[in-house]
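Participant: The structure is given below, and queries will be raised subsequently.
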Amino acid sequence: MFDVVKRLLVGRPLRSSRLGETLLPKRVALPVFCSDPISSVAYATEQIVLVLAAGGLAALRATPWVGVVVVVLLLITVVTSYRQTCFAYPSGGGAYVVSKENLGESASLAAAAALLVDYVMTVAVSVTSGVVAVTSALPALSPHAVSIAVGLVVVLTLANLRGTRESGRVFAVPTYAFVGLSLLMFVWAAVRASTTGLPAAVTATQPIPHTTGLAGLALVLLLVRAFASGCTALTGVEAISNGVPSFEKPKARNAATTLTLMGVIAVALFGGITVLAVALDVRALPGGDPSVISQIAGSVFGGTSPVFYLFQAATAAILVLAANTAFNGFPVLASILARDRYLPRQLHNRGDRLVFSNGVVLLAAAAIALIIGFDANIDRLLQLYIIGVFTSFTLSQLGMVRHWQRALHGRGDAHGADAAVSAGLGGGERRAMRRSQAINATGAVFTAVVLVVVFTTKVTHGAWIAVVGMIVLFVVMRGVNRYYGRVAAEVSADEEDDQGTLPSRVHAIVLVSRLHKPAMRALALARATRPNSLTAITLNLDDVDTRRLRTDWEKRDIPVPLTVIEAPYRDLVRPLVGYVKQLREAHPRTVVMVFIPEYVVTRWWQQLLHNQSALRFKARLLFTPGVVVVDVPYHLGVGDQGWLGTRRRRPVDDPAPSEPTVGMAG
């Protein structure tokens, strides 16, 4: 039943040879990797207006200028910088790989921890923002916001488990619909403004919390804080540089082109929404309901028009699908970290549909926990969001500065433009590298400033949780790497192991409770291994049962000695382990093989009708050094048990076995 449900939800497995078919063309990669930065424009302006409202009307008039600075940072530093990263590091990994190659292990793990936290926040914030867009149009759904958000995360998880290309095709429609309807809204607003005029937003008449204007240093600090909040428009930009291997060839060029398209779209939408927000005198509400973008759409299209509801549906869809950026970035980054032994190796494995399924499920679980813990409150979640983003931005750009410096001096890394020798670089190449280095250095300064501002202004409002999460991840990754290092050193074969040193002797033990087919099967297998010594063991829980077993044993003349171990406290495991340890102490170089007959049932409910003692034996004996556990299954309800299963007549030309098989005689 599980397999049937899995096939219906996820689809049939794909061969590894079809991995090339999952690569993304630019038209599909744009909604897959860029839905987050494109959707961020839906609430970036709102965050600017919300902060500036504290400074009165004078501060609100600075909204366009704050928006211009955000656009400059987005285009000149971040987009341009990450285009260079796509070409310099086409193997993917983004800030983690850049930092590892140029800044060292600690910086790379800090960048990785920031990115992982950022991806979890992206899912929680994006889905919650989408739910806010829905509840803005349908207020009756507000009490069910948490349930709706969790359900949407589950839907996204199932879609991504089916494969990146399949989910990208489905998600392309809402992404392009949002872009198209937003551009239609700008045109519609321009036409109405030049003819009948645009009505003010529904919140235009609401009083501003602080009517007293600010001046001097206080105003500057407020503007810087607004700029930091507006930089949510930059979230998700790094996803393309992380996922370059997912693009069709030429991978780096297609990734860089997609990144440029994303930047142009994001700037156009962010600029248009900011202009309309100022023109319509929109007020941002602390609860985020109704949102700024819904107020703008209501004024432009009319709050009851079909186009307004269509726009709200597209906004909700793109906000929810922004989480898909994280669903493509998190598993890939986790796989790279697992490959480098900083995360559990299971995260490096691809699932049935050639996606990193374990990473997808892990991301979904973390995001759902965050949504439930913060009651799907978008303002509280946004406080946690941006620190991880700009931590990775800053480290990535610092790493690229070092990358160009090394390239100029002929000390390039394995991925980058070392140009063989610095003397071989022409004047044009040197100027291009220095220009790129200057861009990265400028970006590093800007993103570092934003990071400091965000940290100082938001850490007391809940952002400390994100900081703690990054620190915990950093420590965990270091610990995982040390553990794998110790394991590798411990299990590496030395010269003695290479020679295949044999144990001095092998003592086999067969656990029996009564003489039935599973026990006879285990005895036969133990004898077939020809150990140095062989003993059958039974635990005396009931004197009557033990006497009956002895009688049957002698009656059938089993050629294996039977040893009875007392279990006065009815504990099966402790007496057996004690007996095995005594054997090991008497002969330290002896290997003890314990054969355990076990029922294997065909229905799950049949497990409830057996005491599962074999599982307890195995679980305890596996932790006993010098002991080898051999499980001998007996399949209940199955006619053909393989060897020694169904008794059959031996053909005449079949040579007789060298030794009679226990249980077949008579």
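We name chains A, B, ... following the order of the structure tokens; residues begin at 1 in each chain, and ligands are numbered from 1 as shown.
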Give me, as an NGL selection string, all polymer residues having an atom no more than 12 Å from region 62-66 of chain A, counting only C-alpha atoms and skipping those fewer than 4 positions away in the same chain.
Facilitator: :A and (44-53 or 55-58 or 70-73 or 219-220 or 222-231 or 270-279 or 281-283)
Participant: Take the residues that were just selected and, keeping N, CA and C atoms, output them as a tab-separated table (two decimals), in the first residue's frame.
Facilitator:
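Writing the result to out.tsv gives the following:
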```tsv
chain	number	residue	atom	x	y	z
A	44	ALA	N	8.69	43.95	-0.14
A	44	ALA	CA	9.87	44.77	0.14
A	44	ALA	C	9.48	46.24	0.33
A	45	THR	N	8.66	46.76	-0.57
A	45	THR	CA	8.19	48.15	-0.43
A	45	THR	C	7.41	48.32	0.86
A	46	GLU	N	6.61	47.34	1.21
A	46	GLU	CA	5.83	47.41	2.44
A	46	GLU	C	6.72	47.56	3.66
A	47	GLN	N	7.84	46.85	3.66
A	47	GLN	CA	8.75	46.95	4.80
A	47	GLN	C	9.40	48.33	4.89
A	48	ILE	N	9.71	48.94	3.74
A	48	ILE	CA	10.27	50.29	3.75
A	48	ILE	C	9.27	51.29	4.31
A	49	VAL	N	8.04	51.24	3.80
A	49	VAL	CA	7.00	52.17	4.24
A	49	VAL	C	6.70	51.98	5.72
A	50	LEU	N	6.68	50.73	6.17
A	50	LEU	CA	6.36	50.44	7.57
A	50	LEU	C	7.39	51.06	8.51
A	51	VAL	N	8.67	51.01	8.13
A	51	VAL	CA	9.73	51.58	8.98
A	51	VAL	C	9.70	53.11	8.92
A	52	LEU	N	9.57	53.67	7.74
A	52	LEU	CA	9.62	55.12	7.59
A	52	LEU	C	8.42	55.82	8.23
A	53	ALA	N	7.32	55.12	8.39
A	53	ALA	CA	6.14	55.73	9.01
A	53	ALA	C	6.44	56.20	10.42
A	55	GLY	N	8.84	57.91	11.31
A	55	GLY	CA	9.46	59.23	11.26
A	55	GLY	C	8.54	60.32	10.74
A	56	GLY	N	7.26	60.00	10.53
A	56	GLY	CA	6.32	61.00	10.07
A	56	GLY	C	6.36	61.17	8.56
A	57	LEU	N	5.63	62.20	8.07
A	57	LEU	CA	5.51	62.43	6.63
A	57	LEU	C	6.86	62.75	6.00
A	58	ALA	N	7.71	63.45	6.72
A	58	ALA	CA	9.02	63.81	6.16
A	58	ALA	C	9.84	62.57	5.83
A	70	VAL	N	18.20	50.55	-2.90
A	70	VAL	CA	17.99	49.09	-2.94
A	70	VAL	C	18.20	48.57	-4.36
A	71	VAL	N	17.68	49.30	-5.35
A	71	VAL	CA	17.84	48.89	-6.75
A	71	VAL	C	19.31	48.89	-7.15
A	72	VAL	N	20.03	49.92	-6.74
A	72	VAL	CA	21.46	49.99	-7.06
A	72	VAL	C	22.20	48.79	-6.47
A	73	LEU	N	21.91	48.50	-5.23
A	73	LEU	CA	22.56	47.36	-4.58
A	73	LEU	C	22.19	46.06	-5.28
A	219	LEU	N	17.10	60.67	11.90
A	219	LEU	CA	16.53	60.45	10.57
A	219	LEU	C	17.45	59.55	9.74
A	220	VAL	N	18.74	59.77	9.85
A	220	VAL	CA	19.69	58.94	9.11
A	220	VAL	C	19.58	57.48	9.53
A	222	LEU	N	17.02	56.04	10.85
A	222	LEU	CA	15.74	55.51	10.38
A	222	LEU	C	15.82	55.13	8.91
A	223	LEU	N	16.47	55.97	8.11
A	223	LEU	CA	16.62	55.68	6.69
A	223	LEU	C	17.47	54.43	6.46
A	224	VAL	N	18.51	54.28	7.26
A	224	VAL	CA	19.36	53.09	7.13
A	224	VAL	C	18.58	51.84	7.50
A	225	ARG	N	17.77	51.98	8.55
A	225	ARG	CA	16.95	50.82	8.95
A	225	ARG	C	15.91	50.48	7.88
A	226	ALA	N	15.32	51.50	7.27
A	226	ALA	CA	14.36	51.26	6.20
A	226	ALA	C	15.05	50.60	5.01
A	227	PHE	N	16.26	51.05	4.70
A	227	PHE	CA	17.03	50.44	3.62
A	227	PHE	C	17.29	48.96	3.91
A	228	ALA	N	17.65	48.67	5.15
A	228	ALA	CA	17.90	47.28	5.53
A	228	ALA	C	16.64	46.43	5.39
A	229	SER	N	15.50	46.98	5.77
A	229	SER	CA	14.24	46.24	5.64
A	229	SER	C	13.87	46.06	4.17
A	230	GLY	N	14.10	47.09	3.35
A	230	GLY	CA	13.80	46.97	1.93
A	230	GLY	C	14.69	46.00	1.20
A	231	CYS	N	15.82	45.66	1.80
A	231	CYS	CA	16.74	44.73	1.16
A	231	CYS	C	16.20	43.30	1.15
A	270	PHE	N	9.77	46.03	-8.53
A	270	PHE	CA	9.99	46.75	-7.28
A	270	PHE	C	9.85	48.25	-7.49
A	271	GLY	N	10.44	48.75	-8.57
A	271	GLY	CA	10.33	50.18	-8.85
A	271	GLY	C	8.89	50.61	-9.08
A	272	GLY	N	8.13	49.85	-9.86
A	272	GLY	CA	6.75	50.20	-10.12
A	272	GLY	C	5.88	50.19	-8.89
A	273	ILE	N	6.05	49.18	-8.05
A	273	ILE	CA	5.26	49.09	-6.82
A	273	ILE	C	5.61	50.23	-5.87
A	274	THR	N	6.88	50.58	-5.79
A	274	THR	CA	7.29	51.68	-4.90
A	274	THR	C	6.72	53.01	-5.38
A	275	VAL	N	6.77	53.25	-6.68
A	275	VAL	CA	6.20	54.50	-7.23
A	275	VAL	C	4.71	54.57	-6.94
A	276	LEU	N	3.98	53.50	-7.16
A	276	LEU	CA	2.54	53.50	-6.91
A	276	LEU	C	2.23	53.64	-5.41
A	277	ALA	N	3.06	53.04	-4.56
A	277	ALA	CA	2.83	53.15	-3.12
A	277	ALA	C	2.94	54.61	-2.68
A	278	VAL	N	3.90	55.33	-3.24
A	278	VAL	CA	4.05	56.76	-2.90
A	278	VAL	C	2.91	57.57	-3.50
A	279	ALA	N	2.57	57.28	-4.75
A	279	ALA	CA	1.53	58.06	-5.44
A	279	ALA	C	0.17	57.88	-4.79
A	281	ASP	N	-0.33	57.08	-1.64
A	281	ASP	CA	-0.26	57.39	-0.20
A	281	ASP	C	-0.64	56.17	0.64
A	282	VAL	N	-0.04	55.04	0.31
A	282	VAL	CA	-0.37	53.79	0.99
A	282	VAL	C	0.26	53.76	2.37
A	283	ARG	N	-0.46	53.24	3.35
A	283	ARG	CA	0.05	53.02	4.70
A	283	ARG	C	0.26	51.52	4.91
```
Participant: Set the distance at 7 Å and use only C-alpha atoms: which residues neighbour Val123 (chain A) once local chain neighbours fewer than 6 positions away are removed? I'd like the list as a list in words.
Facilitator: Ala323, Ala326 and Ala367 of chain A
Participant: I need the residues from that last selection saved to file as a compact mmCIF listing (two decimals), in the first residue's frame (with N, CA and C atoms), if you can.
Facilitator:
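Output file again_16.txt follows:
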```txt
# COMPACT_ATOMS: atom_id res chain seq x y z
N ALA A 323 8.80 29.80 -2.23
CA ALA A 323 9.41 28.75 -1.42
C ALA A 323 10.08 27.70 -2.29
N ALA A 326 13.82 27.79 -2.44
CA ALA A 326 14.50 27.10 -1.35
C ALA A 326 14.46 25.59 -1.55
N ALA A 367 10.55 23.98 8.03
CA ALA A 367 9.68 25.12 7.72
C ALA A 367 8.33 24.99 8.41
```
Participant: Nearest residue to Glu429 (chain A) out of A:Ala614, A:Leu333, A:Ala407, A:Ala200, using only C-alpha atoms?
Facilitator: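 The answer is A:Ala407, which sits nearest to Glu429 (chain A).
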Participant: Might you pull out every residue within 12 Å of region 455-472 of chain A, with only C-alpha atoms counted and same-chain residues fewer than 6 positions away left off, and present them as a PyMOL selection string?
Facilitator: chain A and resi 51+106+109-121+221-222+224-229+366+370+373-374+379-392+447-449+478-479
Participant: My list of candidates is A:Trp553, A:Ala42, A:Thr624, A:Thr232. Which is closest to Gln582 (chain A) when distances are computed with only C-alpha atoms?
Facilitator: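 For Gln582 (chain A), the nearest of the given residues is A:Thr624.
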Participant: Please identify all polymer residues within 12 Å of Ile148 (chain A), counting only C-alpha atoms, omitting same-chain residues fewer than 3 positions from it, and present them as a PDB file with N, CA and C atoms, in the first residue's frame.
Facilitator:
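Listed below is the output, part-v9.pdb:
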```pdb
ATOM      1  N   VAL A 127       5.527  31.181   2.113  1.00  0.00           N
ATOM      2  CA  VAL A 127       4.218  30.552   2.244  1.00  0.00           C
ATOM      3  C   VAL A 127       3.298  31.405   3.112  1.00  0.00           C
ATOM      4  N   THR A 128       3.842  31.929   4.202  1.00  0.00           N
ATOM      5  CA  THR A 128       3.025  32.774   5.070  1.00  0.00           C
ATOM      6  C   THR A 128       2.594  34.041   4.351  1.00  0.00           C
ATOM      7  N   SER A 129       3.480  34.627   3.526  1.00  0.00           N
ATOM      8  CA  SER A 129       3.112  35.809   2.752  1.00  0.00           C
ATOM      9  C   SER A 129       1.996  35.482   1.767  1.00  0.00           C
ATOM     10  N   GLY A 130       2.074  34.308   1.160  1.00  0.00           N
ATOM     11  CA  GLY A 130       1.008  33.896   0.264  1.00  0.00           C
ATOM     12  C   GLY A 130      -0.322  33.741   0.973  1.00  0.00           C
ATOM     13  N   VAL A 131      -0.270  33.212   2.173  1.00  0.00           N
ATOM     14  CA  VAL A 131      -1.499  33.075   2.966  1.00  0.00           C
ATOM     15  C   VAL A 131      -2.054  34.449   3.329  1.00  0.00           C
ATOM     16  N   VAL A 132      -1.173  35.409   3.638  1.00  0.00           N
ATOM     17  CA  VAL A 132      -1.622  36.780   3.930  1.00  0.00           C
ATOM     18  C   VAL A 132      -2.326  37.377   2.715  1.00  0.00           C
ATOM     19  N   VAL A 134      -3.974  35.770   0.488  1.00  0.00           N
ATOM     20  CA  VAL A 134      -5.284  35.123   0.391  1.00  0.00           C
ATOM     21  C   VAL A 134      -6.248  35.698   1.420  1.00  0.00           C
ATOM     22  N   THR A 135      -5.773  35.825   2.651  1.00  0.00           N
ATOM     23  CA  THR A 135      -6.655  36.332   3.704  1.00  0.00           C
ATOM     24  C   THR A 135      -6.964  37.820   3.527  1.00  0.00           C
ATOM     25  N   LEU A 141     -10.898  33.558   6.072  1.00  0.00           N
ATOM     26  CA  LEU A 141      -9.919  32.470   6.190  1.00  0.00           C
ATOM     27  C   LEU A 141      -8.799  32.781   7.183  1.00  0.00           C
ATOM     28  N   SER A 142      -8.767  33.971   7.739  1.00  0.00           N
ATOM     29  CA  SER A 142      -7.676  34.367   8.645  1.00  0.00           C
ATOM     30  C   SER A 142      -7.484  33.414   9.821  1.00  0.00           C
ATOM     31  N   PRO A 143      -8.556  32.915  10.476  1.00  0.00           N
ATOM     32  CA  PRO A 143      -8.330  31.998  11.609  1.00  0.00           C
ATOM     33  C   PRO A 143      -7.666  30.678  11.215  1.00  0.00           C
ATOM     34  N   HIS A 144      -7.671  30.360   9.944  1.00  0.00           N
ATOM     35  CA  HIS A 144      -7.110  29.082   9.491  1.00  0.00           C
ATOM     36  C   HIS A 144      -5.765  29.274   8.792  1.00  0.00           C
ATOM     37  N   ALA A 145      -5.094  30.371   9.061  1.00  0.00           N
ATOM     38  CA  ALA A 145      -3.854  30.689   8.349  1.00  0.00           C
ATOM     39  C   ALA A 145      -2.783  29.623   8.548  1.00  0.00           C
ATOM     40  N   GLY A 151      -0.485  23.125   4.901  1.00  0.00           N
ATOM     41  CA  GLY A 151      -0.955  22.371   3.742  1.00  0.00           C
ATOM     42  C   GLY A 151      -0.222  22.757   2.472  1.00  0.00           C
ATOM     43  N   LEU A 152       0.053  24.051   2.303  1.00  0.00           N
ATOM     44  CA  LEU A 152       0.781  24.496   1.115  1.00  0.00           C
ATOM     45  C   LEU A 152       2.212  23.976   1.103  1.00  0.00           C
ATOM     46  N   VAL A 153       2.855  23.914   2.272  1.00  0.00           N
ATOM     47  CA  VAL A 153       4.213  23.357   2.338  1.00  0.00           C
ATOM     48  C   VAL A 153       4.201  21.887   1.941  1.00  0.00           C
ATOM     49  N   VAL A 154       3.192  21.153   2.384  1.00  0.00           N
ATOM     50  CA  VAL A 154       3.089  19.738   2.018  1.00  0.00           C
ATOM     51  C   VAL A 154       2.921  19.585   0.510  1.00  0.00           C
ATOM     52  N   VAL A 155       2.084  20.425  -0.094  1.00  0.00           N
ATOM     53  CA  VAL A 155       1.879  20.367  -1.542  1.00  0.00           C
ATOM     54  C   VAL A 155       3.186  20.661  -2.281  1.00  0.00           C
ATOM     55  N   VAL A 320       3.737  31.949  -2.547  1.00  0.00           N
ATOM     56  CA  VAL A 320       3.878  30.568  -2.100  1.00  0.00           C
ATOM     57  C   VAL A 320       4.976  29.860  -2.885  1.00  0.00           C
ATOM     58  N   ILE A 368       7.763  23.786   8.421  1.00  0.00           N
ATOM     59  CA  ILE A 368       6.475  23.576   9.088  1.00  0.00           C
ATOM     60  C   ILE A 368       6.592  23.863  10.583  1.00  0.00           C
ATOM     61  N   ILE A 371       6.618  27.635  10.981  1.00  0.00           N
ATOM     62  CA  ILE A 371       5.304  28.247  10.741  1.00  0.00           C
ATOM     63  C   ILE A 371       4.393  28.031  11.948  1.00  0.00           C
ATOM     64  N   ILE A 372       4.378  26.823  12.468  1.00  0.00           N
ATOM     65  CA  ILE A 372       3.530  26.532  13.630  1.00  0.00           C
ATOM     66  C   ILE A 372       4.027  27.296  14.850  1.00  0.00           C
ATOM     67  N   ASP A 375       3.049  30.906  14.548  1.00  0.00           N
ATOM     68  CA  ASP A 375       1.624  31.117  14.298  1.00  0.00           C
ATOM     69  C   ASP A 375       1.377  31.794  12.948  1.00  0.00           C
ATOM     70  N   ALA A 376       2.232  31.497  11.958  1.00  0.00           N
ATOM     71  CA  ALA A 376       2.087  32.040  10.603  1.00  0.00           C
ATOM     72  C   ALA A 376       1.989  33.559  10.602  1.00  0.00           C
TER      73      ALA A 376
END
```
Participant: Quick one: everything within 12 Å of Gln397 (chain A), counting only C-alpha atoms, minus sequence neighbours fewer than 5 positions away in the same chain. Send it as an NGL selection string.
Facilitator: :A and (77-85 or 94-99 or 102-103 or 107 or 111 or 238 or 390-392 or 402-404 or 436-448)
Participant: Any idea what the distance is between CA of Thr257 (chain A) and CA of Val28 (chain A)?
Facilitator: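 That distance, rounded to one decimal, is 12.8 Å.
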Participant: Running DSSP on the backbone, which parts of region 415-590 of chain A land in helix (DSSP H, G or I), as a PyMOL selection string?
Facilitator: chain A and resi 422-424+427-461+464-491+495-498+517-528+543-556+573-586
Participant: Write out as number ranges by chain each polymer residue whose atoms come within 10 Å of Ile565 (chain A), counting only C-alpha atoms; drop sequence neighbours fewer than 2 positions from it.
Facilitator: A: 537-541, 562-563, 567-568, 572, 575-576, 579
Participant: For N, CA, C and O atoms, I'd like the residues from the last selection saved as an mmCIF file, in the first residue's frame.
Facilitator:
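What landed in part_22.cif:
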```cif
data_model
loop_
_atom_site.group_PDB
_atom_site.id
_atom_site.type_symbol
_atom_site.label_atom_id
_atom_site.label_comp_id
_atom_site.auth_asym_id
_atom_site.auth_seq_id
_atom_site.Cartn_x
_atom_site.Cartn_y
_atom_site.Cartn_z
ATOM 1 N N ILE A 537 21.731 -23.120 22.146
ATOM 2 C CA ILE A 537 21.433 -22.462 23.425
ATOM 3 C C ILE A 537 19.926 -22.287 23.551
ATOM 4 O O ILE A 537 19.250 -21.870 22.611
ATOM 5 N N THR A 538 19.395 -22.616 24.728
ATOM 6 C CA THR A 538 18.008 -22.301 25.046
ATOM 7 C C THR A 538 17.957 -21.627 26.401
ATOM 8 O O THR A 538 18.777 -21.913 27.287
ATOM 9 N N LEU A 539 17.042 -20.703 26.553
ATOM 10 C CA LEU A 539 16.885 -19.952 27.802
ATOM 11 C C LEU A 539 15.724 -20.553 28.584
ATOM 12 O O LEU A 539 14.605 -20.686 28.061
ATOM 13 N N ASN A 540 15.988 -20.915 29.809
ATOM 14 C CA ASN A 540 14.998 -21.605 30.640
ATOM 15 C C ASN A 540 14.062 -20.591 31.297
ATOM 16 O O ASN A 540 14.364 -20.032 32.348
ATOM 17 N N LEU A 541 12.941 -20.358 30.634
ATOM 18 C CA LEU A 541 11.897 -19.514 31.224
ATOM 19 C C LEU A 541 10.820 -20.356 31.885
ATOM 20 O O LEU A 541 10.133 -19.885 32.798
ATOM 21 N N LEU A 562 23.183 -29.340 23.365
ATOM 22 C CA LEU A 562 22.213 -28.338 23.803
ATOM 23 C C LEU A 562 22.595 -27.847 25.191
ATOM 24 O O LEU A 562 22.759 -28.646 26.123
ATOM 25 N N THR A 563 22.740 -26.527 25.323
ATOM 26 C CA THR A 563 23.077 -25.906 26.600
ATOM 27 C C THR A 563 21.892 -25.084 27.089
ATOM 28 O O THR A 563 21.329 -24.296 26.323
ATOM 29 N N ALA A 567 17.286 -18.333 33.287
ATOM 30 C CA ALA A 567 16.805 -16.943 33.229
ATOM 31 C C ALA A 567 15.800 -16.739 34.354
ATOM 32 O O ALA A 567 14.578 -16.671 34.128
ATOM 33 N N PRO A 568 16.281 -16.648 35.600
ATOM 34 C CA PRO A 568 15.360 -16.603 36.758
ATOM 35 C C PRO A 568 14.496 -15.350 36.790
ATOM 36 O O PRO A 568 13.432 -15.360 37.416
ATOM 37 N N LEU A 572 15.363 -12.305 28.706
ATOM 38 C CA LEU A 572 15.983 -13.121 27.665
ATOM 39 C C LEU A 572 17.374 -12.633 27.280
ATOM 40 O O LEU A 572 18.270 -13.428 27.000
ATOM 41 N N PRO A 575 20.929 -12.785 30.205
ATOM 42 C CA PRO A 575 21.677 -14.048 30.378
ATOM 43 C C PRO A 575 22.451 -14.454 29.132
ATOM 44 O O PRO A 575 23.573 -14.961 29.227
ATOM 45 N N LEU A 576 21.852 -14.233 27.943
ATOM 46 C CA LEU A 576 22.546 -14.599 26.709
ATOM 47 C C LEU A 576 23.802 -13.759 26.515
ATOM 48 O O LEU A 576 24.872 -14.291 26.178
ATOM 49 N N TYR A 579 26.536 -14.936 28.798
ATOM 50 C CA TYR A 579 27.158 -16.180 28.325
ATOM 51 C C TYR A 579 28.160 -15.889 27.204
ATOM 52 O O TYR A 579 29.273 -16.440 27.186
#
```
Participant: For CA of Thr22 (chain A) and CA of Thr325 (chain A), determine how far apart the two atoms are, in Å to one decimal place.
Facilitator: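 Atom-to-atom, CA of Thr22 (chain A) to CA of Thr325 (chain A), that is 16.3 Å.
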Participant: Write out as number ranges by chain which residues come within 9 Å of region 584-598 of chain A when counting only C-alpha atoms, dropping same-chain ones fewer than 4 positions away.
Facilitator: A: 503-512, 518-523, 525-526, 531, 579-580, 612-615, 617-618, 621, 625-635
Participant: With N, CA and C atoms retained, export the selected residues as a short mmCIF file (atom, residue, chain, number, x, y, z; two decimals), in the first residue's frame.
Facilitator:
```cif
data_model
loop_
_atom_site.label_atom_id
_atom_site.label_comp_id
_atom_site.auth_asym_id
_atom_site.auth_seq_id
_atom_site.Cartn_x
_atom_site.Cartn_y
_atom_site.Cartn_z
N PRO A 503 40.58 -15.15 12.28
CA PRO A 503 40.41 -15.35 13.72
C PRO A 503 41.00 -16.70 14.14
N SER A 504 41.41 -16.81 15.40
CA SER A 504 42.02 -18.05 15.87
C SER A 504 41.02 -19.20 15.83
N ARG A 505 39.78 -18.97 16.17
CA ARG A 505 38.74 -19.99 16.10
C ARG A 505 37.37 -19.32 16.04
N VAL A 506 36.40 -20.08 15.59
CA VAL A 506 35.03 -19.59 15.49
C VAL A 506 34.13 -20.50 16.31
N HIS A 507 33.42 -19.88 17.24
CA HIS A 507 32.46 -20.63 18.07
C HIS A 507 31.06 -20.19 17.66
N ALA A 508 30.25 -21.13 17.19
CA ALA A 508 28.90 -20.82 16.73
C ALA A 508 27.87 -21.17 17.79
N ILE A 509 26.87 -20.31 17.91
CA ILE A 509 25.76 -20.51 18.85
C ILE A 509 24.46 -20.39 18.08
N VAL A 510 23.57 -21.34 18.29
CA VAL A 510 22.25 -21.29 17.66
C VAL A 510 21.21 -21.16 18.76
N LEU A 511 20.38 -20.13 18.68
CA LEU A 511 19.33 -19.93 19.67
C LEU A 511 18.11 -20.75 19.28
N VAL A 512 17.63 -21.56 20.20
CA VAL A 512 16.43 -22.36 19.95
C VAL A 512 15.50 -22.24 21.15
N PRO A 518 12.02 -23.24 11.77
CA PRO A 518 13.02 -22.16 11.84
C PRO A 518 14.27 -22.56 12.61
N ALA A 519 14.10 -23.30 13.72
CA ALA A 519 15.27 -23.72 14.49
C ALA A 519 16.12 -24.71 13.71
N MET A 520 15.46 -25.68 13.03
CA MET A 520 16.21 -26.65 12.24
C MET A 520 16.96 -25.97 11.09
N ARG A 521 16.33 -24.96 10.54
CA ARG A 521 16.97 -24.21 9.45
C ARG A 521 18.23 -23.51 9.96
N ALA A 522 18.15 -22.88 11.13
CA ALA A 522 19.31 -22.19 11.71
C ALA A 522 20.41 -23.18 12.06
N LEU A 523 20.04 -24.36 12.60
CA LEU A 523 21.04 -25.37 12.93
C LEU A 523 21.76 -25.86 11.67
N LEU A 525 22.19 -24.23 8.84
CA LEU A 525 23.08 -23.19 8.33
C LEU A 525 24.34 -23.09 9.17
N ALA A 526 24.20 -23.20 10.49
CA ALA A 526 25.37 -23.11 11.37
C ALA A 526 26.34 -24.25 11.10
N PRO A 531 32.03 -24.30 11.80
CA PRO A 531 32.81 -23.58 12.82
C PRO A 531 33.67 -24.55 13.62
N TYR A 579 26.54 -14.94 28.80
CA TYR A 579 27.16 -16.18 28.32
C TYR A 579 28.16 -15.89 27.20
N VAL A 580 27.78 -15.03 26.27
CA VAL A 580 28.66 -14.69 25.16
C VAL A 580 29.91 -13.98 25.66
N GLN A 612 8.76 -10.51 19.07
CA GLN A 612 9.91 -9.77 18.52
C GLN A 612 11.18 -9.96 19.34
N SER A 613 11.34 -11.14 19.94
CA SER A 613 12.54 -11.38 20.75
C SER A 613 13.80 -11.38 19.89
N ALA A 614 13.67 -11.81 18.62
CA ALA A 614 14.84 -11.81 17.74
C ALA A 614 15.39 -10.40 17.56
N LEU A 615 14.51 -9.41 17.44
CA LEU A 615 14.96 -8.02 17.30
C LEU A 615 15.73 -7.57 18.53
N PHE A 617 17.40 -9.51 20.65
CA PHE A 617 18.69 -10.18 20.66
C PHE A 617 19.68 -9.47 19.73
N LYS A 618 19.24 -9.19 18.50
CA LYS A 618 20.13 -8.55 17.52
C LYS A 618 20.55 -7.17 17.98
N LEU A 621 23.19 -7.72 20.82
CA LEU A 621 24.42 -8.41 20.45
C LEU A 621 25.27 -7.63 19.46
N PRO A 625 31.42 -6.43 21.17
CA PRO A 625 32.58 -6.66 20.31
C PRO A 625 32.90 -8.15 20.19
N GLY A 626 33.39 -8.54 19.01
CA GLY A 626 33.78 -9.92 18.78
C GLY A 626 32.63 -10.85 18.48
N VAL A 627 31.43 -10.31 18.27
CA VAL A 627 30.25 -11.13 18.03
C VAL A 627 29.72 -10.85 16.63
N VAL A 628 29.42 -11.90 15.88
CA VAL A 628 28.80 -11.79 14.56
C VAL A 628 27.39 -12.36 14.66
N VAL A 629 26.41 -11.55 14.30
CA VAL A 629 25.01 -11.98 14.37
C VAL A 629 24.56 -12.41 12.98
N VAL A 630 24.03 -13.62 12.89
CA VAL A 630 23.51 -14.16 11.63
C VAL A 630 22.00 -14.35 11.79
N ASP A 631 21.24 -13.61 11.02
CA ASP A 631 19.79 -13.70 11.08
C ASP A 631 19.33 -14.76 10.07
N VAL A 632 18.54 -15.72 10.55
CA VAL A 632 18.05 -16.81 9.70
C VAL A 632 16.54 -16.65 9.57
N PRO A 633 16.07 -16.05 8.49
CA PRO A 633 14.63 -15.76 8.40
C PRO A 633 13.82 -16.99 7.98
N TYR A 634 12.59 -17.07 8.51
CA TYR A 634 11.62 -18.06 8.08
C TYR A 634 10.35 -17.31 7.71
N HIS A 635 9.97 -17.36 6.44
CA HIS A 635 8.86 -16.57 5.92
C HIS A 635 7.55 -17.31 6.14
#
```
